[in-house]
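Visitor: One structure follows; several queries about it will come next.
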Amino acid sequence: MSVAIKVRFAPSPTGFLHIGGVRTALFNWLFAKNHGGKFVLRIEDTDLSRSTEESIEEILESMRWLGLDWDEGPFRQTERQEIYSKKVEQLLSAGKAYHCYCTPEELDRKRSEAQKAGNKPKYDGTCRERSDSPEGAPSVVRFKAPIEGTVVVEDLLRGKVIFDIAELDDLILQRTDGTPTYNFVVVVDDSEMDITHVIRGDDHLSNTPRQCLLYDALDYPRPKFTHISMILGQDKSRLSKRHGATSALVYRDMGYLPDAMINYLARLGWSHGDQEIFSREELIKYFSFDSVHTSAAVFDADKLSWLNEHYIKSTPPEELVPHLEPHLIKTGVLEKDHGLSLQEIARVIPCLNERAKTLVEMAEKSAFFFKKEVEFDEKARSKFLTEEARPLLEKMIAGFSTLDDFSAESIESLFKKIVEEEGMKLGKLAQPVRVALTGTTVSPGIYDVILLLGKEETLKRLQNVV
RNA sequence: GUCCCCAUCGUCUAGCCUGGCCCAGGACACCGGCCUUUCACGCCGGCGACGCGGGUUCGAAUCCCGCUGGGGACGCCA
């Protein structure tokens with residue numbers, strides 16, 4: 001029996017939840033679920049000046065929207081200050097950390113000088129062996145790192161990654177204001193929370209040797225590390241707003257389904273043979289780092305869109321309604337207090353779900369069904385609701401009026417009959433009817449529209465235009 | 001600049017670990033056709049890749065080295 005697996009997703013609340021972050025969260029979540037382990041959510045808010053409550057809310061909302069539920073947390077590092085202070089003390093008294101009185105300005109200067117000279121811009125160790133403590137001078141606490149040797153990071157995906165300790169420097173553990181910094185808290189928290197696997201973005205790989213040294217200094221066992229590749233934009237640079245939407249919630253607002261987003265992101269770097277479509281259950285069942293590969297992936301909005309279309313088509317109408325409704329309201333198709341039941345809204349979905357790439361599109365296209373008054377497209381009206389069309393529409397009205405059995409079959413045969421009598425193509429009749437009923441030349445199949453509207457409403461709309 | 005990671009169609013990827021089944025398979029996009037009451041859906045077909053150079057080997061997309069290219073890190077950010 002193996003030790004229970006425990007992973008975490010640890011975003012910093014300095015903005016919206018980025019889709020790159022979502023994928024990291026997803027891989028953690030899948031790994032945990034696959035192993036029957038635990039998934040912890042931890043908010044890394046040690047940077048007081050950049051962290052915001054709104055951002056935390058947005059992150060939580062994004063996670064909930066995506067269905068990435070967590071077993072523990074959300075923990076907030078600002079609430080764990082005591083633990084960090086204790087650990088800093090521990091290192092200080094063990095001689096594994098020291099106070100540094102260098103000012104940010106001095107450090108900046110040295111950094112840019114080193115950079116200019118072509119050297120690695122690392123701390124020069126000015127205060128490392130300092131024994132005095134200037135009265136009242138602000139200080140940070142630095143880690144007294146080993147100065148030579150190598151650190152071997154064992155990465156689940158990349159194997160052994162070897163770093164020369166000489167490349168590293170004495171990182172700051174605690175700021176002047178007493179708050180801890182990232183590389184330190186991440187080690188303390190991951191240890192204190194018994195995280196067994198640290199799964200995070202590639203961009204953290206070069207932080208890992210420093211963290212390993214901290215694990216050692218604190219006498220913590222190292223967790224297993226897994227660095228997944230990053231997501232790139234079209235031009236292969238780091239994915240950013242320049243490339244389009246990167247916020248999870250923006251995709252929700254654009255009418256994407258969480259299932260589509262999850263499926264898409266899961267396939268970025270991970271695969272299971274040639275399979276493209278995965279239910280959550282399948283994702284959980286099949287997910288393994290054995291089939292995750294390490295090269296960066298370009299975000300492809302077209303493929304996401306294809307998956308979204310797929311899920312719009314295949315999600316049962318009544319399950320789709322909760323996702324669609326907000327868009328119906330936002331696009332003004334329905335009033336906020338429309339009073340319609342889930343079933344009533346769901347009625348329109350079957351004839352629209354093969355014609356909408358997003359829920360926003362679906363909402364817009366369903367206006368003909370939900371709006372009391374037909375809104376006419378002028379071009380459509382002048383092209384199809386002509387004098388020649390009038391007798392056809394009148395015939396249609398007469399036909400419908402006497403139709404007792406209002407079904408797809410009877411509607412179709414009525415159309416066929418008129419077309420035959422008039423000796424014309426179906427399109428000649430269908431288009432005017434379509435415009436009369438929906439106001440536009442583009443709509444679901446005309447029989448579907450009529451069926452959906454019902455006999456009474458159909459007659460009303462036809463009468464309205466003759 | 002230094003260090004680290006990465007490298008199969010335009011894009012996501014299978015294959016690579018355990019060389020031959022691969023003159024490289026699937027998907028998205030694109031192009032053409034079919035279906036058709038509009039718009040879509042769907043179906044059929046097409047285009048299209050092992051970055052380059054050296055090895056190793058009877059044989060390399062698969063193993064090794066170099067180069068090139070891309071990405072990341074080098075903060076009192078995370």
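Each chain of the structure tokens is named A, B, ... in the order shown, its residues numbered from 1; ligands are numbered from 1 in display order.
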Residues of chain B within 7 Å of chain A, counting only C-alpha atoms (C1' of nucleotides), what are they? List them as a PDB file with N, CA and C atoms (P, O5', C5', C4', C3', O3' and C1' of nucleotides), in the first residue's frame.

Guide:
ATOM      1  P     G B   1      24.268  36.377 -25.494  1.00  0.00           P
ATOM      2  O5'   G B   1      25.096  36.333 -24.113  1.00  0.00           O
ATOM      3  C5'   G B   1      26.406  36.862 -24.009  1.00  0.00           C
ATOM      4  C4'   G B   1      26.761  36.918 -22.554  1.00  0.00           C
ATOM      5  C3'   G B   1      26.501  35.618 -21.804  1.00  0.00           C
ATOM      6  O3'   G B   1      27.647  34.784 -21.897  1.00  0.00           O
ATOM      7  C1'   G B   1      25.490  37.415 -20.624  1.00  0.00           C
ATOM      8  P     U B   2      27.504  33.209 -22.073  1.00  0.00           P
ATOM      9  O5'   U B   2      27.053  32.715 -20.627  1.00  0.00           O
ATOM     10  C5'   U B   2      28.004  32.720 -19.551  1.00  0.00           C
ATOM     11  C4'   U B   2      27.290  32.362 -18.277  1.00  0.00           C
ATOM     12  C3'   U B   2      26.451  31.095 -18.343  1.00  0.00           C
ATOM     13  O3'   U B   2      27.248  29.946 -18.110  1.00  0.00           O
ATOM     14  C1'   U B   2      25.159  32.820 -17.378  1.00  0.00           C
ATOM     15  P     C B   3      26.882  28.578 -18.821  1.00  0.00           P
ATOM     16  O5'   C B   3      25.647  28.078 -17.959  1.00  0.00           O
ATOM     17  C5'   C B   3      25.837  27.617 -16.619  1.00  0.00           C
ATOM     18  C4'   C B   3      24.497  27.460 -15.944  1.00  0.00           C
ATOM     19  C3'   C B   3      23.525  26.517 -16.642  1.00  0.00           C
ATOM     20  O3'   C B   3      23.785  25.164 -16.285  1.00  0.00           O
ATOM     21  C1'   C B   3      22.402  28.510 -16.099  1.00  0.00           C
ATOM     22  P     C B   4      23.427  24.021 -17.319  1.00  0.00           P
ATOM     23  O5'   C B   4      21.846  23.946 -17.199  1.00  0.00           O
ATOM     24  C5'   C B   4      21.229  23.504 -15.992  1.00  0.00           C
ATOM     25  C4'   C B   4      19.741  23.676 -16.102  1.00  0.00           C
ATOM     26  C3'   C B   4      19.101  23.011 -17.306  1.00  0.00           C
ATOM     27  O3'   C B   4      18.882  21.633 -17.098  1.00  0.00           O
ATOM     28  C1'   C B   4      18.270  25.204 -17.104  1.00  0.00           C
ATOM     29  P     C B   6      14.451  18.368 -21.416  1.00  0.00           P
ATOM     30  O5'   C B   6      13.689  19.048 -22.644  1.00  0.00           O
ATOM     31  C5'   C B   6      12.274  19.105 -22.672  1.00  0.00           C
ATOM     32  C4'   C B   6      11.827  19.937 -23.847  1.00  0.00           C
ATOM     33  C3'   C B   6      12.206  19.412 -25.220  1.00  0.00           C
ATOM     34  O3'   C B   6      11.278  18.436 -25.651  1.00  0.00           O
ATOM     35  C1'   C B   6      12.652  21.729 -25.105  1.00  0.00           C
ATOM     36  P     U B  11       3.661  24.650 -36.228  1.00  0.00           P
ATOM     37  O5'   U B  11       2.258  24.532 -35.478  1.00  0.00           O
ATOM     38  C5'   U B  11       1.749  25.628 -34.723  1.00  0.00           C
ATOM     39  C4'   U B  11       0.466  25.200 -34.050  1.00  0.00           C
ATOM     40  C3'   U B  11       0.569  23.893 -33.271  1.00  0.00           C
ATOM     41  O3'   U B  11       1.111  24.097 -31.986  1.00  0.00           O
ATOM     42  C1'   U B  11      -1.329  23.806 -34.650  1.00  0.00           C
ATOM     43  P     C B  12       1.871  22.906 -31.265  1.00  0.00           P
ATOM     44  O5'   C B  12       0.658  21.983 -30.803  1.00  0.00           O
ATOM     45  C5'   C B  12      -0.306  22.473 -29.866  1.00  0.00           C
ATOM     46  C4'   C B  12      -1.307  21.380 -29.594  1.00  0.00           C
ATOM     47  C3'   C B  12      -0.676  20.049 -29.200  1.00  0.00           C
ATOM     48  O3'   C B  12      -0.349  20.058 -27.819  1.00  0.00           O
ATOM     49  C1'   C B  12      -2.312  19.674 -30.853  1.00  0.00           C
ATOM     50  P     A B  14       2.325  12.487 -27.808  1.00  0.00           P
ATOM     51  O5'   A B  14       1.909  11.357 -28.835  1.00  0.00           O
ATOM     52  C5'   A B  14       0.707  10.614 -28.611  1.00  0.00           C
ATOM     53  C4'   A B  14       0.602   9.477 -29.583  1.00  0.00           C
ATOM     54  C3'   A B  14       1.835   8.607 -29.706  1.00  0.00           C
ATOM     55  O3'   A B  14       1.907   7.684 -28.620  1.00  0.00           O
ATOM     56  C1'   A B  14       0.898   9.019 -31.839  1.00  0.00           C
ATOM     57  P     G B  26      -4.340   8.901 -40.720  1.00  0.00           P
ATOM     58  O5'   G B  26      -4.926   9.427 -39.338  1.00  0.00           O
ATOM     59  C5'   G B  26      -5.792   8.586 -38.576  1.00  0.00           C
ATOM     60  C4'   G B  26      -6.053   9.223 -37.240  1.00  0.00           C
ATOM     61  C3'   G B  26      -6.640  10.623 -37.287  1.00  0.00           C
ATOM     62  O3'   G B  26      -8.037  10.609 -37.488  1.00  0.00           O
ATOM     63  C1'   G B  26      -4.873  10.563 -35.731  1.00  0.00           C
ATOM     64  P     A B  27      -8.742  11.842 -38.229  1.00  0.00           P
ATOM     65  O5'   A B  27      -8.630  12.998 -37.145  1.00  0.00           O
ATOM     66  C5'   A B  27      -9.385  12.919 -35.938  1.00  0.00           C
ATOM     67  C4'   A B  27      -9.050  14.103 -35.069  1.00  0.00           C
ATOM     68  C3'   A B  27      -9.246  15.466 -35.733  1.00  0.00           C
ATOM     69  O3'   A B  27     -10.592  15.879 -35.682  1.00  0.00           O
ATOM     70  C1'   A B  27      -7.154  15.406 -34.644  1.00  0.00           C
ATOM     71  P     C B  28     -11.157  16.911 -36.757  1.00  0.00           P
ATOM     72  O5'   C B  28     -10.483  18.290 -36.319  1.00  0.00           O
ATOM     73  C5'   C B  28     -10.876  18.921 -35.113  1.00  0.00           C
ATOM     74  C4'   C B  28     -10.089  20.195 -34.939  1.00  0.00           C
ATOM     75  C3'   C B  28     -10.149  21.169 -36.107  1.00  0.00           C
ATOM     76  O3'   C B  28     -11.316  21.967 -36.043  1.00  0.00           O
ATOM     77  C1'   C B  28      -7.912  20.913 -35.426  1.00  0.00           C
ATOM     78  P     A B  29     -11.992  22.473 -37.417  1.00  0.00           P
ATOM     79  O5'   A B  29     -10.831  23.352 -38.092  1.00  0.00           O
ATOM     80  C5'   A B  29     -10.516  24.629 -37.549  1.00  0.00           C
ATOM     81  C4'   A B  29      -9.335  25.212 -38.289  1.00  0.00           C
ATOM     82  C3'   A B  29      -9.487  25.320 -39.800  1.00  0.00           C
ATOM     83  O3'   A B  29     -10.194  26.488 -40.150  1.00  0.00           O
ATOM     84  C1'   A B  29      -7.379  24.397 -39.282  1.00  0.00           C
ATOM     85  P     U B  37     -33.967  20.689 -50.234  1.00  0.00           P
ATOM     86  O5'   U B  37     -33.922  22.175 -49.671  1.00  0.00           O
ATOM     87  C5'   U B  37     -34.506  23.229 -50.426  1.00  0.00           C
ATOM     88  C4'   U B  37     -34.667  24.402 -49.518  1.00  0.00           C
ATOM     89  C3'   U B  37     -33.487  24.606 -48.597  1.00  0.00           C
ATOM     90  O3'   U B  37     -32.514  25.389 -49.254  1.00  0.00           O
ATOM     91  C1'   U B  37     -35.543  24.730 -47.372  1.00  0.00           C
ATOM     92  P     U B  38     -31.029  25.385 -48.850  1.00  0.00           P
ATOM     93  O5'   U B  38     -30.891  26.706 -47.996  1.00  0.00           O
ATOM     94  C5'   U B  38     -31.049  27.992 -48.607  1.00  0.00           C
ATOM     95  C4'   U B  38     -30.860  29.038 -47.556  1.00  0.00           C
ATOM     96  C3'   U B  38     -29.602  28.852 -46.727  1.00  0.00           C
ATOM     97  O3'   U B  38     -28.506  29.469 -47.371  1.00  0.00           O
ATOM     98  C1'   U B  38     -31.455  29.230 -45.306  1.00  0.00           C
ATOM     99  P     C B  39     -27.066  28.774 -47.310  1.00  0.00           P
ATOM    100  O5'   C B  39     -26.660  28.950 -45.792  1.00  0.00           O
ATOM    101  C5'   C B  39     -26.506  30.254 -45.217  1.00  0.00           C
ATOM    102  C4'   C B  39     -26.338  30.096 -43.736  1.00  0.00           C
ATOM    103  C3'   C B  39     -25.314  29.050 -43.311  1.00  0.00           C
ATOM    104  O3'   C B  39     -24.007  29.582 -43.369  1.00  0.00           O
ATOM    105  C1'   C B  39     -27.290  28.801 -42.031  1.00  0.00           C
ATOM    106  P     A B  40     -22.751  28.585 -43.479  1.00  0.00           P
ATOM    107  O5'   A B  40     -22.763  27.943 -42.023  1.00  0.00           O
ATOM    108  C5'   A B  40     -22.396  26.602 -41.836  1.00  0.00           C
ATOM    109  C4'   A B  40     -22.997  26.162 -40.524  1.00  0.00           C
ATOM    110  C3'   A B  40     -22.667  24.730 -40.156  1.00  0.00           C
ATOM    111  O3'   A B  40     -21.427  24.660 -39.488  1.00  0.00           O
ATOM    112  C1'   A B  40     -25.000  25.054 -40.018  1.00  0.00           C
ATOM    113  P     C B  41     -20.441  23.469 -39.906  1.00  0.00           P
ATOM    114  O5'   C B  41     -21.141  22.160 -39.313  1.00  0.00           O
ATOM    115  C5'   C B  41     -21.643  22.136 -37.980  1.00  0.00           C
ATOM    116  C4'   C B  41     -22.508  20.917 -37.759  1.00  0.00           C
ATOM    117  C3'   C B  41     -21.903  19.598 -38.209  1.00  0.00           C
ATOM    118  O3'   C B  41     -20.989  19.098 -37.271  1.00  0.00           O
ATOM    119  C1'   C B  41     -24.161  19.696 -38.871  1.00  0.00           C
ATOM    120  P     G B  72       9.528  32.815 -22.261  1.00  0.00           P
ATOM    121  O5'   G B  72      10.130  32.087 -20.986  1.00  0.00           O
ATOM    122  C5'   G B  72       9.297  31.256 -20.183  1.00  0.00           C
ATOM    123  C4'   G B  72      10.149  30.521 -19.187  1.00  0.00           C
ATOM    124  C3'   G B  72      10.931  31.376 -18.215  1.00  0.00           C
ATOM    125  O3'   G B  72      10.116  31.820 -17.147  1.00  0.00           O
ATOM    126  C1'   G B  72      12.318  29.672 -19.037  1.00  0.00           C
ATOM    127  P     A B  73      10.472  33.195 -16.441  1.00  0.00           P
ATOM    128  O5'   A B  73      11.747  32.811 -15.582  1.00  0.00           O
ATOM    129  C5'   A B  73      11.616  31.921 -14.485  1.00  0.00           C
ATOM    130  C4'   A B  73      12.982  31.641 -13.924  1.00  0.00           C
ATOM    131  C3'   A B  73      13.770  32.867 -13.484  1.00  0.00           C
ATOM    132  O3'   A B  73      13.392  33.281 -12.187  1.00  0.00           O
ATOM    133  C1'   A B  73      15.156  31.469 -14.769  1.00  0.00           C
ATOM    134  P     C B  74      13.461  34.830 -11.829  1.00  0.00           P
ATOM    135  O5'   C B  74      15.022  35.131 -11.749  1.00  0.00           O
ATOM    136  C5'   C B  74      15.774  34.652 -10.637  1.00  0.00           C
ATOM    137  C4'   C B  74      17.225  34.788 -10.948  1.00  0.00           C
ATOM    138  C3'   C B  74      17.752  36.204 -11.070  1.00  0.00           C
ATOM    139  O3'   C B  74      18.025  36.740  -9.788  1.00  0.00           O
ATOM    140  C1'   C B  74      18.614  34.888 -12.815  1.00  0.00           C
ATOM    141  P     C B  76      15.370  41.010  -4.409  1.00  0.00           P
ATOM    142  O5'   C B  76      14.306  41.208  -3.262  1.00  0.00           O
ATOM    143  C5'   C B  76      13.723  40.102  -2.603  1.00  0.00           C
ATOM    144  C4'   C B  76      12.600  40.690  -1.780  1.00  0.00           C
ATOM    145  C3'   C B  76      11.823  41.695  -2.636  1.00  0.00           C
ATOM    146  O3'   C B  76      10.529  41.155  -2.801  1.00  0.00           O
ATOM    147  C1'   C B  76      12.592  42.637  -0.527  1.00  0.00           C
ATOM    148  P     A B  78       6.454  36.875  -3.406  1.00  0.00           P
ATOM    149  O5'   A B  78       5.659  35.905  -4.389  1.00  0.00           O
ATOM    150  C5'   A B  78       4.250  36.040  -4.593  1.00  0.00           C
ATOM    151  C4'   A B  78       3.861  35.105  -5.723  1.00  0.00           C
ATOM    152  C3'   A B  78       4.167  33.634  -5.464  1.00  0.00           C
ATOM    153  O3'   A B  78       3.126  32.994  -4.741  1.00  0.00           O
ATOM    154  C1'   A B  78       5.040  34.240  -7.571  1.00  0.00           C
TER     155        A B  78
END

Visitor: So that I can see what lies close to C9 of chain B, please list as a list in words the residues with an atom at most 10 Å from it, counting only C-alpha atoms (C1' of nucleotides) and leaving out residues fewer than 5 positions away in the same chain.

Guide: C47, G48, A49 and C50 of chain B

Visitor: List the spatial neighbours of Pro326 of chain A as a PyMOL selection string - criterion: any atom at most 12 Å away, only C-alpha atoms (C1' of nucleotides), same-chain residues fewer than 5 positions off excluded.

Guide: chain A and resi 252-255+320-321+331-338+345+359-360+362-363

Visitor: May I have all residues of segment 29-240 of chain A that DSSP, computed from the backbone, assigns to strand (DSSP E or B), given as a ChimeraX atom specification?

Guide: /A:38-43,72-76,97-100,140-143,150-155,159-164,172-174,180,197-201,224-228,231-232,238

Visitor: Please extract the residues of segment 47-231 of chain A with a backbone DSSP assignment of alpha helix (DSSP H) and present them as number ranges by chain.

Guide: A: 53-66, 81-93, 104-116, 182-192, 208-217

Visitor: Would you please work out which residue, of A:Arg347, A:His197, A:Arg210, A:His18, is nearest to Val250 of chain A when using only C-alpha atoms?

Guide: A:His18

Visitor: State, in Å with one decimal place, the distance from atom CA of Gly149 of chain A to atom CA of Asp190 of chain A.

Guide: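 If I compute the distance from atom CA of Gly149 of chain A to atom CA of Asp190 of chain A, I get 24.9 Å.
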
Visitor: Measure the distance from atom CA of Glu422 of chain A to atom CA of Glu409 of chain A in Å and round it to one decimal.

Guide: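 Taking atom CA of Glu422 of chain A as the start and atom CA of Glu409 of chain A as the end point, the length is 20.0 Å.
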
Visitor: Provide the atom CA of Asn263 of chain A to atom CA of Ser279 of chain A distance in Å, to one decimal place.

Guide: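 According to the coordinates, atom CA of Asn263 of chain A and atom CA of Ser279 of chain A are separated by 7.7 Å.
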
Visitor: Write out as a VMD selection string each polymer residue whose atoms come within 10 Å of C16 of chain B, counting only C-alpha atoms (C1' of nucleotides); drop sequence neighbours fewer than 6 positions from it.

Guide: chain B and resid 61 to 63

Visitor: Include C-alpha atoms (C1' of nucleotides) and write out the residues we just selected as a PDB file, in the first residue's frame.

Guide:
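Below you can see result09.pdb, which holds the result:
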ATOM      1  C1'   A B  61      11.974   9.834 -36.278  1.00  0.00           C
ATOM      2  C1'   U B  62      13.726   6.393 -32.553  1.00  0.00           C
ATOM      3  C1'   C B  63      20.534   5.818 -29.408  1.00  0.00           C
TER       4        C B  63
END

Visitor: When distances are computed from only C-alpha atoms (C1' of nucleotides), which of B:G20, B:G69, B:G10, B:G45 shows the smallest separation from U57 of chain B?

Guide: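 Smallest separation from U57 of chain B among the options: B:G20.
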
Visitor: Nearest to Ser288 of chain A among A:Val466, A:Ala248, A:Leu30, A:Val22, with distances taken over only C-alpha atoms: which residue is it?

Guide: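 The closest residue to Ser288 of chain A is A:Leu30.
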